file my_file23.cif (mmCIF, C-alpha atoms)
data_structure
#
loop_
_atom_site.label_atom_id
_atom_site.label_comp_id
_atom_site.auth_asym_id
_atom_site.auth_seq_id
_atom_site.Cartn_x
_atom_site.Cartn_y
_atom_site.Cartn_z
CA MET A 198 4.03 -41.52 -72.18
CA LYS A 199 0.34 -40.67 -72.56
CA ARG A 200 -0.38 -42.61 -69.34
CA TYR A 201 2.14 -40.47 -67.37
CA ILE A 202 0.61 -37.23 -68.70
CA ILE A 203 -2.85 -38.33 -67.52
CA ILE A 204 -1.52 -39.18 -64.05
CA LEU A 205 0.27 -35.80 -63.84
CA PHE A 206 -2.94 -34.01 -64.86
CA VAL A 207 -4.93 -35.83 -62.16
CA LEU A 208 -2.35 -34.93 -59.49
CA LEU A 209 -2.26 -31.27 -60.51
CA THR A 210 -6.05 -31.16 -60.45
CA ALA A 211 -6.07 -32.63 -56.93
CA PHE A 212 -3.48 -30.15 -55.63
CA THR A 213 -5.20 -27.11 -57.14
CA GLY A 214 -8.51 -28.40 -55.84
CA CYS A 215 -7.09 -28.47 -52.30
CA GLU A 216 -5.86 -24.89 -52.66
CA ARG A 217 -9.31 -23.71 -53.80
CA PHE A 218 -10.92 -25.51 -50.84
CA ASP A 219 -8.63 -23.87 -48.30
CA ALA A 220 -9.10 -20.39 -49.76
CA ASP A 221 -12.78 -20.34 -50.71
CA ASP A 222 -14.77 -22.95 -48.83
CA ARG A 223 -14.76 -21.38 -45.34
CA LYS A 224 -16.79 -23.17 -42.70
CA PHE A 225 -17.67 -19.89 -40.91
CA ASP A 226 -17.89 -16.17 -41.62
CA ASN A 227 -14.95 -13.91 -40.90
CA VAL A 228 -15.46 -11.81 -37.74
CA VAL A 229 -13.51 -9.26 -35.74
CA TYR A 230 -12.73 -9.46 -32.01
CA LEU A 231 -10.35 -8.07 -29.37
CA SER A 232 -7.17 -10.14 -29.23
CA VAL A 233 -6.82 -9.80 -25.44
CA SER A 234 -10.30 -11.28 -24.98
CA GLN A 235 -9.47 -14.46 -26.90
CA THR A 236 -8.52 -16.28 -23.68
CA SER A 237 -10.26 -14.10 -21.07
CA PRO A 238 -12.35 -10.92 -21.25
CA VAL A 239 -10.96 -9.86 -17.85
CA GLN A 240 -7.58 -8.12 -18.06
CA LEU A 241 -5.79 -7.50 -14.76
CA ALA A 242 -3.99 -4.17 -14.64
CA THR A 243 -2.39 -4.42 -11.22
CA PHE A 244 0.69 -2.27 -10.74
CA SER A 245 2.95 -0.97 -7.99
CA ASN A 246 1.99 2.13 -6.06
CA ASN A 247 5.06 4.05 -7.24
CA ARG A 248 4.24 3.99 -10.96
CA PRO A 249 2.98 7.26 -12.48
CA THR A 250 1.73 5.54 -15.66
CA TYR A 251 0.83 2.03 -16.79
CA ASP A 252 0.25 0.96 -20.39
CA CYS A 253 -2.07 -1.82 -21.54
CA ALA A 254 -1.80 -2.90 -25.19
CA LEU A 255 -4.61 -4.45 -27.24
CA GLN A 256 -5.39 -5.18 -30.88
CA ALA A 257 -8.39 -5.85 -33.08
CA ALA A 258 -8.11 -9.26 -34.76
CA LEU A 259 -9.77 -11.36 -37.46
CA THR A 260 -10.40 -15.10 -37.55
CA TYR A 261 -8.63 -15.20 -40.95
CA PRO A 262 -7.20 -12.60 -43.38
CA SER A 263 -9.62 -10.50 -45.40
CA ASP A 264 -9.22 -9.54 -49.06
CA THR A 265 -9.96 -5.89 -48.14
CA ASP A 266 -9.10 -3.56 -45.27
CA VAL A 267 -11.32 -3.97 -42.22
CA GLN A 268 -12.23 -0.87 -40.22
CA VAL A 269 -12.85 -1.24 -36.47
CA SER A 270 -14.11 1.33 -33.97
CA LEU A 271 -13.32 1.12 -30.24
CA ALA A 272 -14.81 2.84 -27.24
CA VAL A 273 -14.60 2.95 -23.46
CA ASP A 274 -18.10 1.98 -22.35
CA PRO A 275 -19.02 2.83 -18.71
CA SER A 276 -22.43 1.17 -19.15
CA LEU A 277 -20.69 -2.24 -19.03
CA VAL A 278 -19.54 -1.74 -15.43
CA GLU A 279 -22.92 -2.84 -14.13
CA THR A 280 -22.78 -5.91 -16.38
CA TYR A 281 -19.36 -6.89 -14.99
CA ASN A 282 -20.37 -6.44 -11.36
CA ALA A 283 -23.53 -8.49 -11.84
CA ARG A 284 -21.61 -11.28 -13.55
CA TYR A 285 -18.73 -11.52 -11.06
CA GLY A 286 -20.42 -10.46 -7.82
CA THR A 287 -18.31 -7.33 -7.35
CA SER A 288 -19.16 -3.68 -6.76
CA TRP A 289 -16.21 -1.95 -8.38
CA PRO A 290 -16.77 1.54 -9.80
CA MET A 291 -15.79 2.95 -13.17
CA LEU A 292 -12.33 4.53 -13.18
CA ASP A 293 -12.44 8.33 -13.35
CA GLY A 294 -11.68 9.55 -16.87
CA LYS A 295 -8.74 11.67 -15.69
CA TYR A 296 -6.78 8.49 -15.02
CA TYR A 297 -6.90 6.96 -18.50
CA THR A 298 -6.69 7.68 -22.20
CA LEU A 299 -7.20 5.44 -25.25
CA SER A 300 -4.56 6.05 -27.93
CA ALA A 301 -7.03 5.57 -30.82
CA GLU A 302 -10.76 5.13 -31.29
CA SER A 303 -10.47 3.43 -34.67
CA VAL A 304 -8.00 1.04 -36.26
CA THR A 305 -7.52 -0.74 -39.55
CA ILE A 306 -6.75 -4.40 -40.11
CA PRO A 307 -4.97 -4.32 -43.50
CA ALA A 308 -5.97 -6.70 -46.26
CA GLY A 309 -4.10 -9.99 -45.93
CA ARG A 310 -3.46 -9.45 -42.21
CA THR A 311 -5.29 -10.73 -39.13
CA THR A 312 -4.39 -8.03 -36.57
CA SER A 313 -4.43 -4.26 -36.38
CA GLU A 314 -1.71 -2.05 -35.03
CA SER A 315 -1.58 -1.94 -31.23
CA ILE A 316 -3.81 0.43 -29.33
CA THR A 317 -2.80 1.57 -25.85
CA LEU A 318 -4.99 2.09 -22.84
CA GLN A 319 -2.71 4.33 -20.81
CA LEU A 320 -3.38 4.70 -17.11
CA ARG A 321 -1.93 8.07 -16.13
CA GLU A 322 -1.54 10.61 -13.30
CA LEU A 323 -1.61 7.65 -10.92
CA MET A 324 0.64 9.23 -8.30
CA GLY A 325 -1.02 12.64 -8.28
CA GLU A 326 0.90 15.87 -7.85
CA GLY A 327 3.50 17.09 -5.38
CA ASP A 328 5.05 15.43 -2.37
CA ASP A 329 1.64 14.77 -0.83
CA GLN A 330 0.45 13.14 -4.09
CA THR A 331 -2.67 15.26 -4.39
CA GLY A 332 -5.23 13.58 -6.62
CA ALA A 333 -3.43 10.21 -6.72
CA LEU A 334 -5.37 7.08 -7.52
CA PRO A 335 -6.16 5.50 -4.12
CA ILE A 336 -3.93 2.59 -3.17
CA ASP A 337 -5.49 -0.89 -3.03
CA ALA A 338 -8.86 0.27 -4.40
CA THR A 339 -10.15 -1.53 -7.52
CA TYR A 340 -11.75 0.08 -10.57
CA LEU A 341 -13.01 -0.95 -14.02
CA VAL A 342 -12.37 0.31 -17.54
CA PRO A 343 -14.50 -1.62 -20.07
CA ILE A 344 -13.40 -1.36 -23.72
CA ARG A 345 -15.58 -2.71 -26.51
CA ILE A 346 -15.73 -2.87 -30.29
CA SER A 347 -18.37 -0.22 -31.01
CA GLY A 348 -18.47 -0.81 -34.77
CA ALA A 349 -16.78 -2.65 -37.63
CA SER A 350 -17.01 -3.05 -41.39
CA ILE A 351 -17.63 -6.80 -40.91
CA GLY A 352 -19.34 -8.91 -38.27
CA VAL A 353 -18.23 -8.84 -34.62
CA LEU A 354 -17.61 -11.95 -32.52
CA GLY A 355 -19.94 -11.71 -29.53
CA GLY A 356 -18.32 -12.54 -26.21
CA SER A 357 -14.88 -11.49 -27.43
CA ASP A 358 -15.75 -7.92 -28.34
CA VAL A 359 -15.30 -6.58 -24.79
CA ALA A 360 -12.27 -6.36 -22.51
CA TRP A 361 -12.81 -5.37 -18.90
CA TYR A 362 -9.63 -3.87 -17.43
CA VAL A 363 -9.49 -4.36 -13.68
CA VAL A 364 -7.32 -1.49 -12.44
CA LYS A 365 -5.55 -1.50 -9.08
CA ARG A 366 -2.66 0.57 -7.74
CA SER A 367 -1.43 -1.97 -5.24
CA SER A 368 0.76 -1.79 -2.15
CA ALA A 369 1.73 -5.41 -2.84
CA ILE A 370 4.55 -6.70 -5.05
CA THR A 371 3.23 -6.60 -8.61
CA VAL A 372 6.13 -7.85 -10.76
CA ALA A 373 7.66 -11.33 -10.85
CA ALA A 374 9.45 -13.50 -13.39
CA GLN A 375 8.08 -16.69 -14.91
CA LEU A 376 10.69 -19.44 -15.03
CA GLY A 377 10.35 -23.04 -16.16
CA ALA A 378 11.66 -25.71 -18.48
CA GLY A 379 14.67 -24.45 -20.38
CA ASN A 380 14.90 -21.20 -18.46
CA TRP A 381 16.81 -20.32 -15.31
CA ILE A 382 19.04 -17.53 -14.01
CA ASN A 383 22.82 -17.62 -14.43
CA PHE A 384 25.34 -15.41 -12.62
CA PRO A 385 28.43 -14.99 -14.82
CA THR A 386 30.31 -12.77 -12.36
CA LEU A 387 30.07 -15.43 -9.65
CA ASP A 388 32.05 -17.80 -11.83
CA LYS A 389 35.09 -15.50 -11.97
CA TYR A 390 37.39 -14.63 -9.11
CA GLY A 391 37.13 -10.95 -8.14
CA ALA A 392 35.31 -8.32 -6.09
CA ASN A 393 31.87 -9.56 -7.19
CA SER A 394 32.39 -13.12 -5.97
CA SER A 395 34.90 -12.96 -3.12
CA ALA A 396 32.30 -12.24 -0.41
CA TRP A 397 30.42 -15.42 -1.37
CA ASN A 398 33.23 -17.69 -0.16
CA GLY A 399 34.80 -18.49 3.18
CA LEU A 400 31.48 -18.37 5.07
CA THR A 401 30.37 -20.06 8.28
CA ALA A 402 26.65 -19.35 7.87
CA MET A 403 24.13 -18.57 5.13
CA THR A 404 20.49 -17.86 4.26
CA TYR A 405 18.45 -18.29 1.09
CA GLU A 406 15.09 -16.52 0.65
CA ALA A 407 12.55 -16.13 -2.16
CA LEU A 408 8.92 -15.59 -2.98
CA ILE A 409 7.72 -18.46 -5.17
CA TYR A 410 4.52 -19.48 -6.95
CA ILE A 411 4.45 -23.03 -8.34
CA ASP A 412 2.16 -23.41 -11.35
CA GLN A 413 2.25 -27.20 -11.25
CA PHE A 414 4.26 -29.87 -9.43
CA ALA A 415 4.93 -31.70 -12.68
CA THR A 416 6.11 -35.31 -12.57
CA GLN A 417 7.34 -35.21 -16.17
CA ASP A 418 8.28 -32.52 -18.67
CA GLU A 419 7.02 -31.97 -22.22
CA THR A 420 9.42 -34.64 -23.50
CA SER A 421 8.08 -37.18 -20.96
CA THR A 422 11.34 -37.02 -19.01
CA PRO A 423 10.57 -37.83 -15.33
CA VAL A 424 10.72 -34.79 -13.03
CA SER A 425 10.98 -35.17 -9.26
CA ILE A 426 12.57 -31.84 -8.31
CA SER A 427 11.70 -28.15 -8.65
CA THR A 428 14.80 -26.08 -7.95
CA ILE A 429 14.52 -22.76 -6.16
CA MET A 430 18.17 -21.73 -5.72
CA GLY A 431 21.62 -22.82 -4.66
CA VAL A 432 24.50 -25.07 -5.62
CA GLU A 433 23.95 -28.70 -6.63
CA GLN A 434 25.02 -31.31 -4.04
CA TYR A 435 26.35 -28.54 -1.82
CA LEU A 436 23.74 -26.12 -0.44
CA LEU A 437 20.50 -26.24 -2.41
CA LEU A 438 16.91 -25.23 -1.65
CA ARG A 439 14.39 -27.19 -3.70
CA LEU A 440 11.03 -28.94 -3.79
CA GLY A 441 10.89 -32.72 -4.10
CA ASP A 442 13.48 -35.44 -4.57
CA THR A 443 13.62 -39.12 -5.49
CA ASN A 444 11.38 -41.07 -3.07
CA PHE A 445 10.39 -37.79 -1.44
CA GLU A 446 7.24 -35.69 -1.38
CA ARG A 447 7.02 -33.83 -4.69
CA GLN A 448 5.51 -30.74 -3.04
CA GLN A 449 7.72 -30.61 0.05
CA LEU A 450 10.63 -28.23 0.61
CA GLN A 451 14.01 -29.87 1.00
CA PHE A 452 17.32 -28.27 2.00
CA ASP A 453 20.20 -30.32 0.63
CA GLY A 454 23.38 -29.66 2.60
CA SER A 455 25.56 -32.44 1.24
CA GLY A 456 28.62 -30.32 0.55
CA SER A 457 31.89 -30.00 2.38
CA GLY A 458 30.76 -26.70 3.88
CA SER A 459 27.66 -28.19 5.49
CA GLN A 460 27.63 -31.99 5.73
CA PHE A 461 24.16 -32.18 7.27
CA GLY A 462 22.65 -34.10 4.36
CA LYS A 463 19.03 -33.59 3.33
CA ILE A 464 16.59 -31.95 5.73
CA PRO A 465 13.80 -32.59 6.66
CA GLY A 466 12.52 -36.12 6.22
CA LYS A 467 9.56 -37.01 4.04
CA ASP A 468 6.40 -35.50 5.55
CA ALA A 469 3.21 -34.97 3.53
CA THR A 470 1.85 -32.58 6.16
CA LYS A 471 4.55 -30.11 5.05
CA ASN A 472 3.51 -30.12 1.38
CA LEU A 473 2.99 -26.80 -0.38
CA GLU A 474 0.15 -26.09 -2.79
CA ALA A 475 0.30 -25.08 -6.42
CA GLY A 476 -1.33 -21.82 -7.41
CA ARG A 477 -0.43 -19.59 -4.46
CA TRP A 478 2.45 -17.42 -3.33
CA TYR A 479 4.81 -18.52 -0.55
CA HIS A 480 7.78 -16.91 1.09
CA VAL A 481 10.33 -19.69 1.58
CA ALA A 482 13.72 -19.54 3.29
CA CYS A 483 16.43 -21.77 4.70
CA THR A 484 19.31 -21.02 7.07
CA TYR A 485 22.42 -22.86 8.21
CA ASP A 486 24.90 -21.87 10.92
CA GLN A 487 28.05 -23.90 11.47
CA THR A 488 28.65 -22.36 14.89
CA THR A 489 25.30 -23.42 16.34
CA GLN A 490 24.98 -26.48 14.05
CA THR A 491 21.42 -25.42 13.30
CA VAL A 492 19.44 -25.83 10.09
CA ARG A 493 16.01 -24.27 9.55
CA ILE A 494 13.41 -24.12 6.80
CA TYR A 495 10.82 -21.33 6.83
CA VAL A 496 7.47 -21.08 5.08
CA ASP A 497 5.66 -17.74 5.09
CA GLY A 498 7.99 -16.40 7.75
CA LYS A 499 7.47 -19.23 10.23
CA ILE A 500 9.83 -22.12 11.03
CA GLN A 501 8.52 -25.25 9.30
CA SER A 502 11.47 -27.58 9.99
CA GLU A 503 14.45 -27.37 12.31
CA GLU A 504 17.42 -29.60 13.11
CA THR A 505 20.11 -28.90 15.70
CA GLY A 506 23.45 -30.57 16.33
CA VAL A 507 23.91 -31.26 12.61
CA GLY A 508 26.52 -30.40 10.02
CA ILE A 509 30.08 -29.26 10.64
CA SER A 510 31.24 -29.99 14.18
CA MET A 511 34.68 -28.39 13.95
CA PRO A 512 34.73 -25.45 11.51
CA SER A 513 38.00 -24.87 9.69
CA LYS A 514 39.29 -23.43 6.44
CA LYS A 515 38.59 -26.75 4.72
CA THR A 516 34.97 -26.69 5.88
CA GLN A 517 34.12 -23.09 5.04
CA ILE A 518 31.03 -22.49 2.90
CA ASN A 519 31.87 -21.54 -0.68
CA LEU A 520 28.76 -20.55 -2.64
CA ALA A 521 30.78 -19.11 -5.54
CA MET A 522 33.00 -22.15 -5.87
CA ARG A 523 33.45 -21.66 -9.60
CA ALA A 524 35.26 -18.43 -8.73
CA LEU A 525 37.65 -20.45 -6.58
CA TYR A 526 38.12 -22.84 -9.48
CA ASP A 527 38.97 -19.81 -11.63
CA LEU A 528 41.53 -18.71 -9.04
CA TRP A 529 42.95 -22.23 -8.67
CA ASN A 530 43.10 -22.76 -12.41
CA THR A 531 45.14 -19.61 -13.02
CA ALA A 532 47.49 -20.08 -10.05
CA SER A 533 50.99 -21.45 -10.34
CA GLU A 534 51.71 -24.96 -9.10
CA ALA A 535 53.42 -23.46 -6.06
CA GLU A 536 50.37 -21.31 -5.22
CA LYS A 537 47.68 -23.97 -5.68
CA PRO A 538 47.96 -25.66 -2.27
CA GLN A 539 47.01 -22.46 -0.42
CA TYR A 540 43.80 -22.17 -2.44
CA GLU A 541 42.78 -25.79 -1.96
CA THR A 542 39.92 -25.97 0.55
CA ASP A 543 38.41 -29.39 -0.04
CA ASP A 544 39.65 -32.90 -0.69
CA THR A 545 38.56 -33.21 -4.33
CA GLY A 546 40.35 -30.25 -5.88
CA TYR A 547 38.85 -27.49 -7.99
CA ASP A 548 40.18 -29.10 -11.14
CA LYS A 549 37.45 -31.74 -10.68
CA LEU A 550 34.62 -29.20 -10.28
CA GLY A 551 31.91 -29.74 -12.89
CA ASP A 552 29.87 -27.05 -14.60
CA ALA A 553 26.72 -28.13 -12.72
CA TYR A 554 28.22 -26.96 -9.44
CA GLN A 555 27.43 -23.29 -9.74
CA PHE A 556 24.91 -21.04 -8.04
CA PHE A 557 21.70 -20.84 -10.05
CA ILE A 558 18.16 -19.71 -9.52
CA GLY A 559 15.70 -22.17 -11.01
CA LYS A 560 18.18 -24.88 -11.96
CA SER A 561 20.27 -27.63 -10.40
CA TYR A 562 22.40 -30.23 -12.13
CA ASN A 563 20.48 -30.14 -15.43
CA GLU A 564 17.56 -28.43 -17.12
CA TYR A 565 15.08 -31.14 -16.08
CA ARG A 566 14.68 -29.68 -12.59
CA PRO A 567 13.10 -26.29 -13.32
CA LEU A 568 11.26 -24.06 -10.89
CA ASN A 569 8.12 -24.35 -13.04
CA GLY A 570 6.60 -21.19 -11.66
CA LYS A 571 7.15 -17.57 -10.72
CA ILE A 572 9.74 -15.95 -8.49
CA ALA A 573 10.42 -12.60 -6.83
CA GLU A 574 12.50 -11.17 -3.97
CA ALA A 575 15.29 -13.77 -4.10
CA ARG A 576 18.17 -13.21 -1.64
CA VAL A 577 21.36 -14.77 -0.36
CA TRP A 578 22.94 -13.79 2.97
CA SER A 579 26.28 -14.61 4.61
CA VAL A 580 24.56 -14.98 7.99
CA ALA A 581 21.79 -17.19 9.34
CA ARG A 582 18.92 -14.71 9.55
CA THR A 583 16.89 -14.86 12.77
CA PRO A 584 13.19 -15.79 12.83
CA GLU A 585 12.36 -12.14 13.57
CA GLN A 586 14.38 -10.93 10.58
CA ILE A 587 12.81 -13.49 8.27
CA TRP A 588 9.27 -12.55 9.33
CA GLU A 589 9.72 -8.79 9.27
CA ASN A 590 11.51 -8.56 5.89
CA MET A 591 9.78 -11.10 3.67
CA TYR A 592 8.75 -8.57 1.02
CA ASN A 593 11.49 -5.95 1.03
CA VAL A 594 14.98 -5.15 2.27
CA GLU A 595 15.64 -1.54 3.22
CA ASN A 596 18.89 0.00 1.98
CA PRO A 597 20.23 -3.27 0.53
CA ALA A 598 23.47 -1.78 -0.78
CA ASP A 599 24.49 -0.80 2.77
CA ASP A 600 24.53 -4.32 4.24
CA PRO A 601 27.67 -6.37 3.50
CA SER A 602 25.98 -9.55 4.74
CA LEU A 603 23.43 -9.34 1.92
CA LEU A 604 25.35 -11.20 -0.78
CA GLY A 605 22.69 -11.05 -3.48
CA TYR A 606 19.27 -9.44 -3.83
CA TRP A 607 17.20 -9.94 -7.00
CA LYS A 608 13.80 -8.32 -6.73
CA PHE A 609 12.71 -9.49 -10.23
CA ASN A 610 10.94 -6.17 -10.65
CA GLU A 611 12.24 -5.32 -14.14
CA GLY A 612 9.07 -6.33 -15.97
CA ALA A 613 11.01 -6.61 -19.26
CA GLY A 614 14.27 -7.95 -20.62
CA ASN A 615 16.42 -10.91 -19.59
CA THR A 616 18.76 -9.33 -17.04
CA VAL A 617 17.86 -9.33 -13.35
CA LYS A 618 19.48 -6.60 -11.27
CA ASP A 619 21.34 -7.42 -8.05
CA TYR A 620 20.43 -4.73 -5.52
CA SER A 621 23.16 -5.76 -3.09
CA MET A 622 26.52 -3.98 -2.96
CA TYR A 623 28.15 -6.82 -4.92
CA GLY A 624 26.40 -6.30 -8.25
CA ASN A 625 26.05 -9.91 -9.41
CA ASP A 626 23.28 -9.34 -11.95
CA GLY A 627 21.48 -12.45 -13.16
CA VAL A 628 21.12 -13.40 -16.82
CA ALA A 629 18.30 -15.63 -18.02
CA GLU A 630 19.12 -18.69 -20.12
CA THR A 631 16.25 -17.81 -22.49
CA ASP A 632 13.69 -15.02 -22.71
CA ILE A 633 11.97 -14.25 -19.40
CA VAL A 634 8.19 -14.12 -19.42
CA TRP A 635 6.89 -11.28 -17.24
CA PRO A 636 3.25 -12.12 -16.50
CA SER A 637 0.73 -9.36 -15.86
CA GLY A 638 -1.75 -9.22 -13.00
CA ILE A 639 0.79 -10.21 -10.33
CA GLU A 640 -0.17 -9.27 -6.79
CA ILE A 641 1.67 -10.83 -3.87
CA PRO A 642 -0.15 -10.16 -0.57
CA LYS A 643 1.97 -9.12 2.40
CA ILE A 644 0.80 -11.50 5.10
CA ASN A 645 3.10 -10.04 7.75
CA GLU A 646 1.10 -6.82 7.52
CA THR A 647 -2.28 -8.50 7.95
CA GLU A 648 -1.62 -11.27 10.49
CA GLU A 649 -1.33 -10.57 14.18
#
call {"tool": "encode", "arguments": {"input": "my_file23.cif", "output": "structure tokens"}}
result
Amino acid sequence: MKRYIIILFVLLTAFTGCERFDADDRKFDNVVYLSVSQTSPVQLATFSNNRPTYDCALQAALTYPSDTDVQVSLAVDPSLVETYNARYGTSWPMLDGKYYTLSAESVTIPAGRTTSESITLQLRELMGEGDDQTGALPIDATYLVPIRISGASIGVLGGSDVAWYVVKRSSAITVAAQLGAGNWINFPTLDKYGANSSAWNGLTAMTYEALIYIDQFATQDETSTPVSISTIMGVEQYLLLRLGDTNFERQQLQFDGSGSGSQFGKIPGKDATKNLEAGRWYHVACTYDQTTQTVRIYVDGKIQSEETGVGISMPSKKTQINLAMRALYDLWNTASEAEKPQYETDDTGYDKLGDAYQFFIGKSYNEYRPLNGKIAEARVWSVARTPEQIWENMYNVENPADDPSLLGYWKFNEGAGNTVKDYSMYGNDGVAETDIVWPSGIEIPKINETEE
């Protein structure tokens, strides 16, 4: 018994010793810094030209909790503009004080905590006054607002005590959604028969469009599952726009038209000269027209690949394009046995339609084929858009609710939340599988306004 007591005493001593080491034997002094500067001191505040205000949140932070409250003072410091320009080779001026306000000049990090309450740098009066926008912040000009820790009750971490806000009221698209592994966009109303989905079926032509930015052409996901496809949008094994395939260039666009409404297979062939690059924005599109038997893939508004004399040779009801085929399954499944034959439009039957065969953005077949990047301005049309229409409307569609051929239009301009509005007349809003990340500092250049 005595032996067990000694062992227990030794173990308790060891455990309490570890606790004292973790709490008291710090390897470095506690310091305060700006949380936004932990990864980069440069904070991009790029926003659309129709926003009257824009809020930037920041916090003071500690390396580990303090036993007492920590007081931190903050200040906008115009003297740091020269430092920034010298470091980064720019010549951007300080933003005029009428365009910004700092919500607080001092904050407290409570004892036992590592962060303060949020402080807001609000950019304001950006659109000026009146219809002529008198006094508006100039569009596409860049300015600086440096914020620094001007004082604290403990030491300050040099190099992370300053945040330079790069401010730009941009004419470009400034909001996009980050998709990736485990996250894609579903369309619940397309899976039910009704007014929302009916226009998506019985087609003889179609177009997909989107602005995409691939972060990385991954060959495996975080679980080491092999990845050979990045899905942009469409219906699996039917009409699908994607990047990569088995034994295909991982970075190359592929239009898979294997379904009964297309039957042109996979276009184009493997060609490394057509590879896209990670880390830049592209406008991508694909069109198919049964009447002309023409398939096209576009990159940045120009035809990259084209095939003619392919696909359906004799269009009929059985070969119509059905992009909302789950809605037809819903109709078929609720019909009487006598009614079912009139709704049957392919040889397999809607009772055999699997859950993978739905229209998604950022997913096909399973979750191991994610977009792995950012997306904006996604559209579906019931016509094959012309090269002129593709080029001229890459970044916006005027009066989208007035065009019945525009089946779906998701601008991804919400900037918050998990629902993506459909700007077409059909109202098929998208719902994210998990929380959408809305990255800041987005700016998509409009190349059709700069190229001749």
call {"tool": "resolve_selection", "arguments": {"input": "my_file23.cif", "expression": "the PyMOL selection byres ((chain A and resi 425-438) around 7)", "output": "PyMOL selection string"}}
result
chain A and resi 416+423-424+439-443+447+451-456+520+553-562+566-569
call {"tool": "residues_near_point", "arguments": {"input": "my_file23.cif", "point": "(21.0, -33.2, 17.0)", "cutoff": "12 Å", "atoms": "all atoms listed in the file", "output": "list in words"}}
result
Phe461, Thr489, Gln490, Thr491, Val492, Glu503, Glu504, Thr505, Gly506, Val507, Gly508, Ile509 and Ser510 of chain A
call {"tool": "atom_distance", "arguments": {"input": "my_file23.cif", "atom1": "CA of Asn383 (chain A)", "atom2": "CA of Ala415 (chain A)"}}
result
22.8 Å
call {"tool": "residues_around", "arguments": {"input": "my_file23.cif", "residues": "region 366-378 of chain A", "least_positions_apart": "5", "cutoff": "7 Å", "atoms": "only C-alpha atoms", "output": "count of residues only"}}
result
28
call {"tool": "resolve_selection", "arguments": {"input": "my_file23.cif", "expression": "the PyMOL selection byres ((chain A and resi 298) around 6)", "output": "list of chain:residue names"}}
result
A:Tyr297, A:Leu299, A:Leu318, A:Gln319
call {"tool": "resolve_selection", "arguments": {"input": "my_file23.cif", "expression": "the PyMOL selection byres ((chain A and resi 291) around 10)", "output": "NGL selection string"}}
result
:A and (274-279 or 288-290 or 292-294 or 339-343 or 363-364)
call {"tool": "closest_atom_pairs", "arguments": {"input": "my_file23.cif", "of": "region 220-274 of chain A", "to": "region 352-357 of chain A", "cutoff": "9 Å", "atoms": "all atoms listed in the file", "output": "tab-separated table"}}
result
residue	atom	partner	partner_atom	distance
A:Asp226	CA	A:Gly352	CA	8.1
A:Asn227	CA	A:Gly352	CA	7.2
A:Val228	CA	A:Gly352	CA	4.9
A:Val229	CA	A:Val353	CA	4.9
A:Tyr230	CA	A:Ser357	CA	5.5
A:Leu231	CA	A:Ser357	CA	6.0
A:Ser232	CA	A:Ser357	CA	8.0
A:Val233	CA	A:Ser357	CA	8.5
A:Ser234	CA	A:Ser357	CA	5.2
A:Gln235	CA	A:Ser357	CA	6.2
A:Thr236	CA	A:Ser357	CA	8.8
A:Ser237	CA	A:Ser357	CA	8.3
A:Pro238	CA	A:Ser357	CA	6.7
call {"tool": "closest_residue", "arguments": {"input": "my_file23.cif", "among": "A:Glu574, A:Glu611, A:Asp527, A:Asp412", "to": "Ala482 (chain A)", "atoms": "only C-alpha atoms"}}
result
A:Glu574
call {"tool": "atom_distance", "arguments": {"input": "my_file23.cif", "atom1": "CA of Gly624 (chain A)", "atom2": "CA of Asn393 (chain A)"}}
result
6.5 Å
call {"tool": "atom_distance", "arguments": {"input": "my_file23.cif", "atom1": "CA of Ala581 (chain A)", "atom2": "CA of Gly466 (chain A)"}}
result
21.3 Å
call {"tool": "closest_residue", "arguments": {"input": "my_file23.cif", "among": "A:Leu473, A:Tyr606, A:Met522, A:Asn380", "to": "Asn563 (chain A)", "atoms": "all atoms listed in the file"}}
result
A:Asn380
